[in-house]
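To be precise, the following lines are final13.pdb, and they hold PDB, C-alpha atoms and all ligand atoms.
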```pdb
ATOM      1  CA  MET C  30      81.550  82.390  96.873
ATOM      2  CA  ASP C  31      78.865  82.676  99.527
ATOM      3  CA  SER C  32      78.704  83.996 103.076
ATOM      4  CA  THR C  33      79.280  80.532 104.583
ATOM      5  CA  THR C  34      82.819  80.478 103.169
ATOM      6  CA  VAL C  35      83.473  83.950 104.597
ATOM      7  CA  VAL C  36      82.337  82.713 108.034
ATOM      8  CA  GLN C  37      84.521  79.599 107.768
ATOM      9  CA  LEU C  38      87.662  81.408 106.646
ATOM     10  CA  ARG C  39      87.284  84.028 109.377
ATOM     11  CA  GLU C  40      87.038  81.146 111.884
ATOM     12  CA  HIS C  41      90.221  79.592 110.413
ATOM     13  CA  VAL C  42      92.109  82.801 111.101
ATOM     14  CA  ARG C  43      90.902  82.898 114.697
ATOM     15  CA  LYS C  44      91.737  79.247 115.279
ATOM     16  CA  LYS C  45      95.204  79.297 113.695
ATOM     17  CA  ARG C  46      96.221  82.760 114.888
ATOM     18  CA  PRO C  47      98.749  83.286 112.070
ATOM     19  CA  LEU C  48     101.876  85.356 112.616
ATOM     20  CA  ILE C  49     101.975  88.241 110.140
ATOM     21  CA  HIS C  50     105.351  89.890 109.603
ATOM     22  CA  HIS C  51     104.965  93.522 108.543
ATOM     23  CA  ILE C  52     107.417  95.907 107.014
ATOM     24  CA  THR C  53     104.961  98.776 106.970
ATOM     25  CA  ASN C  54     104.703 102.529 107.282
ATOM     26  CA  ILE C  55     105.063 104.619 110.405
ATOM     27  CA  VAL C  56     101.638 106.242 109.970
ATOM     28  CA  VAL C  57      99.600 103.057 110.301
ATOM     29  CA  SER C  58     101.854 100.759 112.313
ATOM     30  CA  ASN C  59      99.967 100.840 115.628
ATOM     31  CA  PHE C  60      96.514 100.886 114.024
ATOM     32  CA  THR C  61      97.435  97.895 111.853
ATOM     33  CA  ALA C  62      98.872  95.901 114.757
ATOM     34  CA  ASN C  63      95.701  96.467 116.796
ATOM     35  CA  GLY C  64      93.442  95.625 113.853
ATOM     36  CA  VAL C  65      95.312  92.383 113.129
ATOM     37  CA  LEU C  66      95.152  91.407 116.812
ATOM     38  CA  SER C  67      91.467  92.182 116.942
ATOM     39  CA  LEU C  68      90.859  89.965 113.912
ATOM     40  CA  GLY C  69      92.490  87.101 115.820
ATOM     41  CA  ALA C  70      95.907  87.010 114.151
ATOM     42  CA  SER C  71      99.296  87.933 115.545
ATOM     43  CA  PRO C  72     101.204  90.946 114.171
ATOM     44  CA  VAL C  73     104.933  91.569 114.287
ATOM     45  CA  MET C  74     106.552  94.712 112.899
ATOM     46  CA  ALA C  75     110.270  94.160 112.242
ATOM     47  CA  TYR C  76     112.508  96.188 109.949
ATOM     48  CA  ALA C  77     116.172  95.666 110.853
ATOM     49  CA  ILE C  78     118.138  94.199 107.970
ATOM     50  CA  GLU C  79     119.932  92.053 110.565
ATOM     51  CA  GLU C  80     116.723  90.173 111.486
ATOM     52  CA  VAL C  81     114.100  90.375 108.737
ATOM     53  CA  GLU C  82     115.174  87.162 106.993
ATOM     54  CA  GLU C  83     114.779  85.169 110.192
ATOM     55  CA  ILE C  84     111.414  86.714 111.073
ATOM     56  CA  ALA C  85     109.971  86.421 107.578
ATOM     57  CA  GLN C  86     110.772  82.732 107.243
ATOM     58  CA  ALA C  87     109.151  81.988 110.615
ATOM     59  CA  ALA C  88     105.986  83.960 109.809
ATOM     60  CA  ASP C  89     102.766  82.721 108.195
ATOM     61  CA  ALA C  90     102.635  85.698 105.803
ATOM     62  CA  LEU C  91     104.712  88.766 104.964
ATOM     63  CA  VAL C  92     103.213  92.218 104.325
ATOM     64  CA  LEU C  93     105.310  94.713 102.360
ATOM     65  CA  ASN C  94     103.804  98.193 102.643
ATOM     66  CA  MET C  95     105.559 101.041 100.823
ATOM     67  CA  GLY C  96     103.889 103.917 102.709
ATOM     68  CA  THR C  97     106.914 105.598 104.298
ATOM     69  CA  MET C  98     109.692 103.523 102.793
ATOM     70  CA  THR C  99     113.336 104.573 102.914
ATOM     71  CA  SER C 100     116.272 103.113 101.036
ATOM     72  CA  GLN C 101     117.014 101.055 104.161
ATOM     73  CA  SER C 102     113.496  99.696 104.545
ATOM     74  CA  VAL C 103     113.462  98.827 100.846
ATOM     75  CA  GLU C 104     116.606  96.778 101.450
ATOM     76  CA  ALA C 105     114.832  95.090 104.376
ATOM     77  CA  MET C 106     111.811  94.363 102.158
ATOM     78  CA  LYS C 107     114.004  92.655  99.575
ATOM     79  CA  LEU C 108     115.781  90.502 102.165
ATOM     80  CA  ALA C 109     112.497  89.574 103.842
ATOM     81  CA  ALA C 110     110.787  88.781 100.520
ATOM     82  CA  SER C 111     113.632  86.592  99.391
ATOM     83  CA  SER C 112     113.584  84.676 102.671
ATOM     84  CA  ALA C 113     109.774  84.354 102.631
ATOM     85  CA  GLU C 114     109.853  83.027  99.101
ATOM     86  CA  LYS C 115     112.419  80.340  99.992
ATOM     87  CA  ALA C 116     110.327  79.278 102.994
ATOM     88  CA  GLY C 117     107.039  79.259 101.058
ATOM     89  CA  VAL C 118     105.613  82.138 103.091
ATOM     90  CA  PRO C 119     103.045  84.145 101.067
ATOM     91  CA  ILE C 120     103.860  87.795 100.318
ATOM     92  CA  VAL C 121     101.248  90.567 100.107
ATOM     93  CA  LEU C 122     102.205  93.960  98.681
ATOM     94  CA  ASP C 123     100.525  97.305  99.371
ATOM     95  CA  PRO C 124     102.033  99.703  96.799
ATOM     96  CA  VAL C 125     101.093 102.832  98.774
ATOM     97  CA  GLY C 126     101.509 105.972  96.688
ATOM     98  CA  VAL C 127     103.052 104.301  93.638
ATOM     99  CA  GLY C 128     102.873 106.967  90.951
ATOM    100  CA  ALA C 129     103.503 109.815  93.415
ATOM    101  CA  SER C 130     107.266 109.822  92.735
ATOM    102  CA  SER C 131     109.522 108.069  90.266
ATOM    103  CA  TYR C 132     111.413 106.412  93.150
ATOM    104  CA  ARG C 133     108.209 104.951  94.583
ATOM    105  CA  THR C 134     107.112 103.715  91.177
ATOM    106  CA  SER C 135     110.459 102.067  90.444
ATOM    107  CA  VAL C 136     110.553 100.354  93.877
ATOM    108  CA  GLY C 137     107.003  99.027  93.402
ATOM    109  CA  LYS C 138     107.787  97.708  89.938
ATOM    110  CA  ARG C 139     111.008  96.135  91.161
ATOM    111  CA  ILE C 140     109.244  94.259  93.974
ATOM    112  CA  VAL C 141     106.589  92.763  91.699
ATOM    113  CA  GLU C 142     109.191  91.856  89.061
ATOM    114  CA  ASP C 143     111.693  90.279  91.440
ATOM    115  CA  PHE C 144     109.370  88.485  93.869
ATOM    116  CA  ASP C 145     106.459  86.138  93.652
ATOM    117  CA  THR C 146     103.685  88.051  95.442
ATOM    118  CA  SER C 147     100.473  86.177  96.261
ATOM    119  CA  VAL C 148      98.336  89.332  96.391
ATOM    120  CA  VAL C 149      98.772  93.018  95.530
ATOM    121  CA  ARG C 150      96.165  95.420  96.992
ATOM    122  CA  GLY C 151      95.868  99.080  96.080
ATOM    123  CA  ASN C 152      93.548 101.805  94.880
ATOM    124  CA  VAL C 153      92.985 102.495  91.167
ATOM    125  CA  ALA C 154      95.871 104.962  90.850
ATOM    126  CA  GLU C 155      98.388 102.684  92.555
ATOM    127  CA  ILE C 156      97.516  99.604  90.508
ATOM    128  CA  ALA C 157      97.486 101.597  87.252
ATOM    129  CA  ASN C 158     100.907 103.105  87.969
ATOM    130  CA  LEU C 159     102.320  99.774  89.085
ATOM    131  CA  ILE C 160     101.707  98.335  85.613
ATOM    132  CA  GLY C 161     102.872 101.463  83.795
ATOM    133  CA  GLU C 162      99.413 102.785  82.966
ATOM    134  CA  SER C 163      99.631 106.258  84.470
ATOM    135  CA  THR C 164      97.667 107.523  81.458
ATOM    136  CA  PHE C 165      94.784 105.440  82.771
ATOM    137  CA  ILE C 166      94.340 107.894  85.632
ATOM    138  CA  ARG C 167      95.553 111.057  83.919
ATOM    139  CA  GLY C 168      93.658 110.583  80.675
ATOM    140  CA  VAL C 169      90.198 111.702  79.790
ATOM    141  CA  ASP C 170      88.544 108.325  80.275
ATOM    142  CA  ALA C 171      86.796 108.166  83.636
ATOM    143  CA  PRO C 172      88.926 105.804  85.735
ATOM    144  CA  ASP C 173      86.249 105.205  88.352
ATOM    145  CA  ASP C 174      83.923 103.650  85.866
ATOM    146  CA  ALA C 175      83.268 100.131  87.192
ATOM    147  CA  LYS C 176      84.050  98.333  83.925
ATOM    148  CA  ASN C 177      87.318 100.256  83.446
ATOM    149  CA  LYS C 178      88.365  99.377  86.966
ATOM    150  CA  GLU C 179      87.598  95.731  86.447
ATOM    151  CA  ASN C 180      89.560  95.614  83.184
ATOM    152  CA  LEU C 181      92.499  97.330  84.863
ATOM    153  CA  ALA C 182      92.471  94.701  87.622
ATOM    154  CA  ILE C 183      92.406  91.877  85.077
ATOM    155  CA  ARG C 184      95.304  93.370  83.076
ATOM    156  CA  ALA C 185      97.330  93.833  86.267
ATOM    157  CA  ALA C 186      96.682  90.267  87.471
ATOM    158  CA  LYS C 187      97.741  88.830  84.112
ATOM    159  CA  LYS C 188     100.795  91.033  83.787
ATOM    160  CA  LEU C 189     102.037  90.471  87.348
ATOM    161  CA  ASN C 190     100.788  86.898  87.676
ATOM    162  CA  THR C 191      99.237  87.537  91.088
ATOM    163  CA  VAL C 192      95.847  88.080  92.685
ATOM    164  CA  ILE C 193      94.954  91.783  92.401
ATOM    165  CA  VAL C 194      92.594  93.740  94.627
ATOM    166  CA  VAL C 195      91.545  97.187  93.422
ATOM    167  CA  THR C 196      89.675  98.932  96.221
ATOM    168  CA  GLY C 197      87.272 101.862  96.194
ATOM    169  CA  GLU C 198      83.531 102.209  96.641
ATOM    170  CA  GLU C 199      83.333  98.777  95.043
ATOM    171  CA  ASP C 200      86.219  96.334  95.446
ATOM    172  CA  ILE C 201      87.429  94.146  92.586
ATOM    173  CA  ILE C 202      89.326  90.907  93.188
ATOM    174  CA  THR C 203      90.756  88.875  90.342
ATOM    175  CA  ASP C 204      93.443  86.390  89.353
ATOM    176  CA  GLY C 205      93.086  87.544  85.744
ATOM    177  CA  GLU C 206      90.382  84.962  84.966
ATOM    178  CA  LYS C 207      87.783  84.892  87.736
ATOM    179  CA  VAL C 208      86.461  88.237  88.984
ATOM    180  CA  SER C 209      84.557  89.097  92.191
ATOM    181  CA  ARG C 210      83.017  92.459  93.040
ATOM    182  CA  ILE C 211      82.280  93.382  96.628
ATOM    183  CA  GLU C 212      79.841  96.080  97.606
ATOM    184  CA  ASN C 213      80.304  95.869 101.366
ATOM    185  CA  GLY C 214      82.033  98.788 103.052
ATOM    186  CA  ASP C 215      81.265 102.226 104.431
ATOM    187  CA  PRO C 216      82.253 105.725 103.257
ATOM    188  CA  MET C 217      83.729 106.417 106.729
ATOM    189  CA  LEU C 218      86.635 104.169 105.678
ATOM    190  CA  THR C 219      87.840 107.084 103.543
ATOM    191  CA  GLN C 220      87.974 109.410 106.583
ATOM    192  CA  VAL C 221      90.510 107.374 108.556
ATOM    193  CA  THR C 222      94.101 106.936 107.408
ATOM    194  CA  GLY C 223      95.333 103.380 107.239
ATOM    195  CA  THR C 224      92.101 101.597 106.396
ATOM    196  CA  GLY C 225      93.550 100.412 103.076
ATOM    197  CA  CYS C 226      96.739  99.276 104.807
ATOM    198  CA  LEU C 227      94.759  97.390 107.452
ATOM    199  CA  LEU C 228      92.745  95.641 104.742
ATOM    200  CA  THR C 229      96.024  94.494 103.151
ATOM    201  CA  SER C 230      97.043  92.934 106.480
ATOM    202  CA  VAL C 231      93.635  91.276 106.909
ATOM    203  CA  ILE C 232      94.110  89.747 103.445
ATOM    204  CA  ALA C 233      97.530  88.430 104.534
ATOM    205  CA  ALA C 234      95.960  86.761 107.586
ATOM    206  CA  PHE C 235      93.240  85.090 105.488
ATOM    207  CA  ILE C 236      95.570  83.807 102.734
ATOM    208  CA  SER C 237      98.017  82.423 105.298
ATOM    209  CA  THR C 238      95.374  80.020 106.598
ATOM    210  CA  HIS C 239      93.815  78.850 103.315
ATOM    211  CA  PRO C 240      95.368  77.170 100.258
ATOM    212  CA  ASN C 241      93.393  79.125  97.640
ATOM    213  CA  SER C 242      94.618  82.749  97.609
ATOM    214  CA  LEU C 243      91.859  84.045  95.364
ATOM    215  CA  GLU C 244      89.134  82.575  97.575
ATOM    216  CA  ALA C 245      90.828  83.683 100.801
ATOM    217  CA  THR C 246      91.329  87.218  99.469
ATOM    218  CA  THR C 247      87.710  87.496  98.409
ATOM    219  CA  ALA C 248      86.567  86.338 101.850
ATOM    220  CA  ALA C 249      88.943  88.802 103.556
ATOM    221  CA  VAL C 250      87.714  91.789 101.539
ATOM    222  CA  ALA C 251      84.072  90.868 102.132
ATOM    223  CA  PHE C 252      84.629  90.345 105.852
ATOM    224  CA  TYR C 253      86.423  93.688 106.166
ATOM    225  CA  GLY C 254      83.634  95.521 104.326
ATOM    226  CA  ILE C 255      81.017  93.904 106.560
ATOM    227  CA  ALA C 256      82.985  94.832 109.698
ATOM    228  CA  ALA C 257      83.203  98.391 108.336
ATOM    229  CA  GLU C 258      79.391  98.522 108.041
ATOM    230  CA  CYS C 259      78.907  97.113 111.551
ATOM    231  CA  ALA C 260      81.408  99.668 112.884
ATOM    232  CA  ALA C 261      79.479 102.591 111.373
ATOM    233  CA  GLU C 262      76.207 101.386 112.856
ATOM    234  CA  SER C 263      77.670 100.723 116.287
ATOM    235  CA  ILE C 264      78.467 104.411 116.992
ATOM    236  CA  LYS C 265      75.958 106.644 118.770
ATOM    237  CA  GLU C 266      74.558 109.395 116.524
ATOM    238  CA  ASP C 267      76.337 112.320 118.240
ATOM    239  CA  LEU C 268      79.715 110.534 118.168
ATOM    240  CA  LYS C 269      79.837 109.562 114.489
ATOM    241  CA  GLY C 270      83.219 111.122 113.636
ATOM    242  CA  PRO C 271      86.457 109.666 112.225
ATOM    243  CA  GLY C 272      88.023 109.257 115.680
ATOM    244  CA  HIS C 273      85.282 107.032 117.038
ATOM    245  CA  TYR C 274      85.072 105.264 113.702
ATOM    246  CA  GLN C 275      88.721 104.221 113.871
ATOM    247  CA  ILE C 276      88.139 102.566 117.239
ATOM    248  CA  ALA C 277      84.791 101.088 116.163
ATOM    249  CA  LEU C 278      86.462  99.471 113.144
ATOM    250  CA  ILE C 279      89.055  97.764 115.350
ATOM    251  CA  ASP C 280      86.269  96.543 117.650
ATOM    252  CA  ALA C 281      84.177  95.303 114.717
ATOM    253  CA  LEU C 282      87.023  93.116 113.427
ATOM    254  CA  HIS C 283      86.674  91.306 116.758
ATOM    255  CA  MET C 284      82.921  91.507 117.388
ATOM    256  CA  THR C 285      81.230  91.039 114.013
ATOM    257  CA  THR C 286      79.033  87.954 114.326
ATOM    258  CA  ASN C 287      78.471  85.119 111.865
ATOM    259  CA  GLU C 288      74.840  86.251 111.638
ATOM    260  CA  GLU C 289      75.950  89.733 110.517
ATOM    261  CA  ILE C 290      78.253  88.175 107.910
ATOM    262  CA  GLU C 291      75.432  86.040 106.564
ATOM    263  CA  LYS C 292      72.981  88.947 106.530
ATOM    264  CA  ARG C 293      75.239  91.550 104.899
ATOM    265  CA  CYS C 294      77.590  89.643 102.599
ATOM    266  CA  SER C 295      77.471  91.078  99.062
ATOM    267  CA  ILE C 296      79.856  89.278  96.697
ATOM    268  CA  ASN C 297      79.030  89.287  92.986
ATOM    269  CA  THR C 298      80.860  87.029  90.543
TER     270      THR C 298
HETATM  271  N1  LIG H   1      83.531 105.473  98.689
HETATM  272  C1  LIG H   1      83.694 104.384  99.456
HETATM  273  N2  LIG H   1      82.631 103.806 100.048
HETATM  274  C2  LIG H   1      82.781 102.708 100.828
HETATM  275  N3  LIG H   1      83.957 102.102 101.061
HETATM  276  C3  LIG H   1      85.056 102.616 100.476
HETATM  277  C4  LIG H   1      84.987 103.782  99.656
HETATM  278  N4  LIG H   1      86.248 104.071  99.204
HETATM  279  C5  LIG H   1      87.063 103.133  99.742
HETATM  280  N5  LIG H   1      86.344 102.250 100.506
HETATM  281  C6  LIG H   1      86.869 101.118 101.268
HETATM  282  O1  LIG H   1      87.959 101.634 102.034
HETATM  283  C7  LIG H   1      88.974 100.642 102.184
HETATM  284  C8  LIG H   1      90.300 101.226 101.695
HETATM  285  O2  LIG H   1      90.227 101.389 100.312
HETATM  286  P1  LIG H   1      90.904 102.579  99.529
HETATM  287  O3  LIG H   1      90.431 103.883 100.079
HETATM  288  O4  LIG H   1      90.681 102.339  98.064
HETATM  289  O5  LIG H   1      92.427 102.293  99.853
HETATM  290  P2  LIG H   1      93.594 103.293 100.206
HETATM  291  O6  LIG H   1      93.246 103.823 101.568
HETATM  292  O7  LIG H   1      94.808 102.429 100.210
HETATM  293  O8  LIG H   1      93.601 104.333  99.121
HETATM  294  C9  LIG H   1      88.486  99.429 101.391
HETATM  295  O9  LIG H   1      87.903  98.513 102.298
HETATM  296  C10 LIG H   1      87.425  99.989 100.443
HETATM  297  O10 LIG H   1      86.443  99.044 100.152
HETATM  298  C1  LIG H   2      99.096 109.163 105.045
HETATM  299  C2  LIG H   2     100.206 108.247 104.684
HETATM  300  N1  LIG H   2     101.398 108.740 104.240
HETATM  301  C3  LIG H   2     102.289 107.794 103.985
HETATM  302  S1  LIG H   2     101.700 106.247 104.299
HETATM  303  C4  LIG H   2     100.187 106.866 104.770
HETATM  304  C5  LIG H   2      99.061 105.977 105.196
HETATM  305  C6  LIG H   2      98.286 105.477 104.031
HETATM  306  O1  LIG H   2      97.311 104.568 104.459
HETATM  307  P1  LIG H   2      96.058 104.158 103.568
HETATM  308  O2  LIG H   2      96.528 104.015 102.173
HETATM  309  O3  LIG H   2      95.608 102.871 104.145
HETATM  310  O4  LIG H   2      95.020 105.242 103.757
HETATM  311 MG    MG H   3      96.685 102.781 100.697
END
```
File written out as structure tokens:
Amino acid sequence: MDSTTVVQLREHVRKKRPLIHHITNIVVSNFTANGVLSLGASPVMAYAIEEVEEIAQAADALVLNMGTMTSQSVEAMKLAASSAEKAGVPIVLDPVGVGASSYRTSVGKRIVEDFDTSVVRGNVAEIANLIGESTFIRGVDAPDDAKNKENLAIRAAKKLNTVIVVTGEEDIITDGEKVSRIENGDPMLTQVTGTGCLLTSVIAAFISTHPNSLEATTAAVAFYGIAAECAAESIKEDLKGPGHYQIALIDALHMTTNEEIEKRCSINT
């Protein structure tokens, strides 16, 4: 994929203004809603078991984010996912913290077994734990090695039959066959909580407006990384801290130009 496709798919999102239903965590809720708005999509956060089926089936995509889940929100996720599936609404899962507790791991595994997710996005540890490979991160083999990460992503995509995004310094996107690696991004992303969660929502917006999930996901990850670079450069030298960066990232999702996308885009296949 080249930068022209990234430009086009970003324009699609802005033109169609998709409605993204989130069942997400309390830490990132406001940041995510503002980021999704800034991108040009429309966020709705709705958790009540009495309404999630209705909202999910009317949305253009559903984001399930396990960050601060409770037994009640897990119930809501299942109802929403079931309704989304029936209505043909794509589901994107962010398995936040899978591996941190046995409950979290079993909920994550249950969601990917019971529902047809279009995309799952997580860091190395989360994706490894989601497919029962906790030894991958605990063992002696260096998990951050690029080839290891890529192979993990491919195994996960094949096992779960979904597009997988493994994020980190380099991002890997695969459907189990085709693989893209994205080098865009900025280390400041690691200093602000919720930047992974926001990326998951940006992916949901892109896949909801394009028929090819792998292509749309690749474009979303590249666009987000480019916006992250623009954000870092937009801040005055004496204000370059995490607080200003959080705001700059939201602004960059709105302000990043097609010229910047074309200049910076770094997708390797
Ligand atoms: N060392 C890094 N350098 C540049 N970008 C990074 C780095 N680590 C993570 N990112 C970016 O930060 C975002 C969140 O990824 P990550 O930190 O892996 O997710 P999470 O916050 O869910 O653990 C992604 O866009 C990813 O590309
Ligand atoms: C700190 C924290 N605790 C529970 S959810 C959450 C936010 C995680 O966000 P991200 O994975 O995008 O950094
Ligand atoms: Mg995360």
Using all atoms listed in the file, find each residue in chain C having at least one atom no more than 6 Å away from ligand MG 3 (chain H); report its shortest atom-to-atom pair and that distance in Å (one decimal), rows by chain then rising number, as a Markdown table.
```
| residue | atom | partner | partner_atom | distance |
| --- | --- | --- | --- | --- |
| C:Val125 | CA | H:MG3 | MG | 4.8 |
| C:Gly151 | CA | H:MG3 | MG | 6.0 |
| C:Gly225 | CA | H:MG3 | MG | 4.6 |
| C:Cys226 | CA | H:MG3 | MG | 5.4 |
```
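Remark: for ligand LIG 2 (chain H), the closest of the candidate residues C:Lys107, C:Arg150, C:Lys45, C:Arg39 is C:Arg150 (distances computed over all atoms listed in the file).
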Give me, as a PyMOL selection string, all polymer residues having an atom no more than 9 Å from Asn287 in chain C, counting all atoms listed in the file and skipping those fewer than 2 positions away in the same chain.
chain C and resi 32-33+35-36+285+289-292
Starting from the shown file, work through the PyMOL selection byres (((chain C and resi 91-96) around 6) and not hetatm) and note down what comes out as a PyMOL selection string.
chain C and resi 49-54+90+97-98+120-125
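Reported to one decimal place, the separation of CA of Gly205 in chain C from CA of Arg184 in chain C is 6.8 Å.
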Apply the PyMOL selection byres (((chain C and resi 223) around 8) and not hetatm) to the displayed file and report the matching residues as an MDAnalysis selection string.
chainID C and resid 56:57 60:61 221:222 224:227
Figure out the distance between atom O8 of ligand LIG 1 (chain H) and CA of Gly126 in chain C, please, to one decimal in Å.
8.4 Å
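Between Val141 in chain C and the candidates C:Gln101, C:Thr246, C:Ala185, C:Glu262, the tightest atom-to-atom separation, counting only C-alpha atoms, involves C:Ala185.
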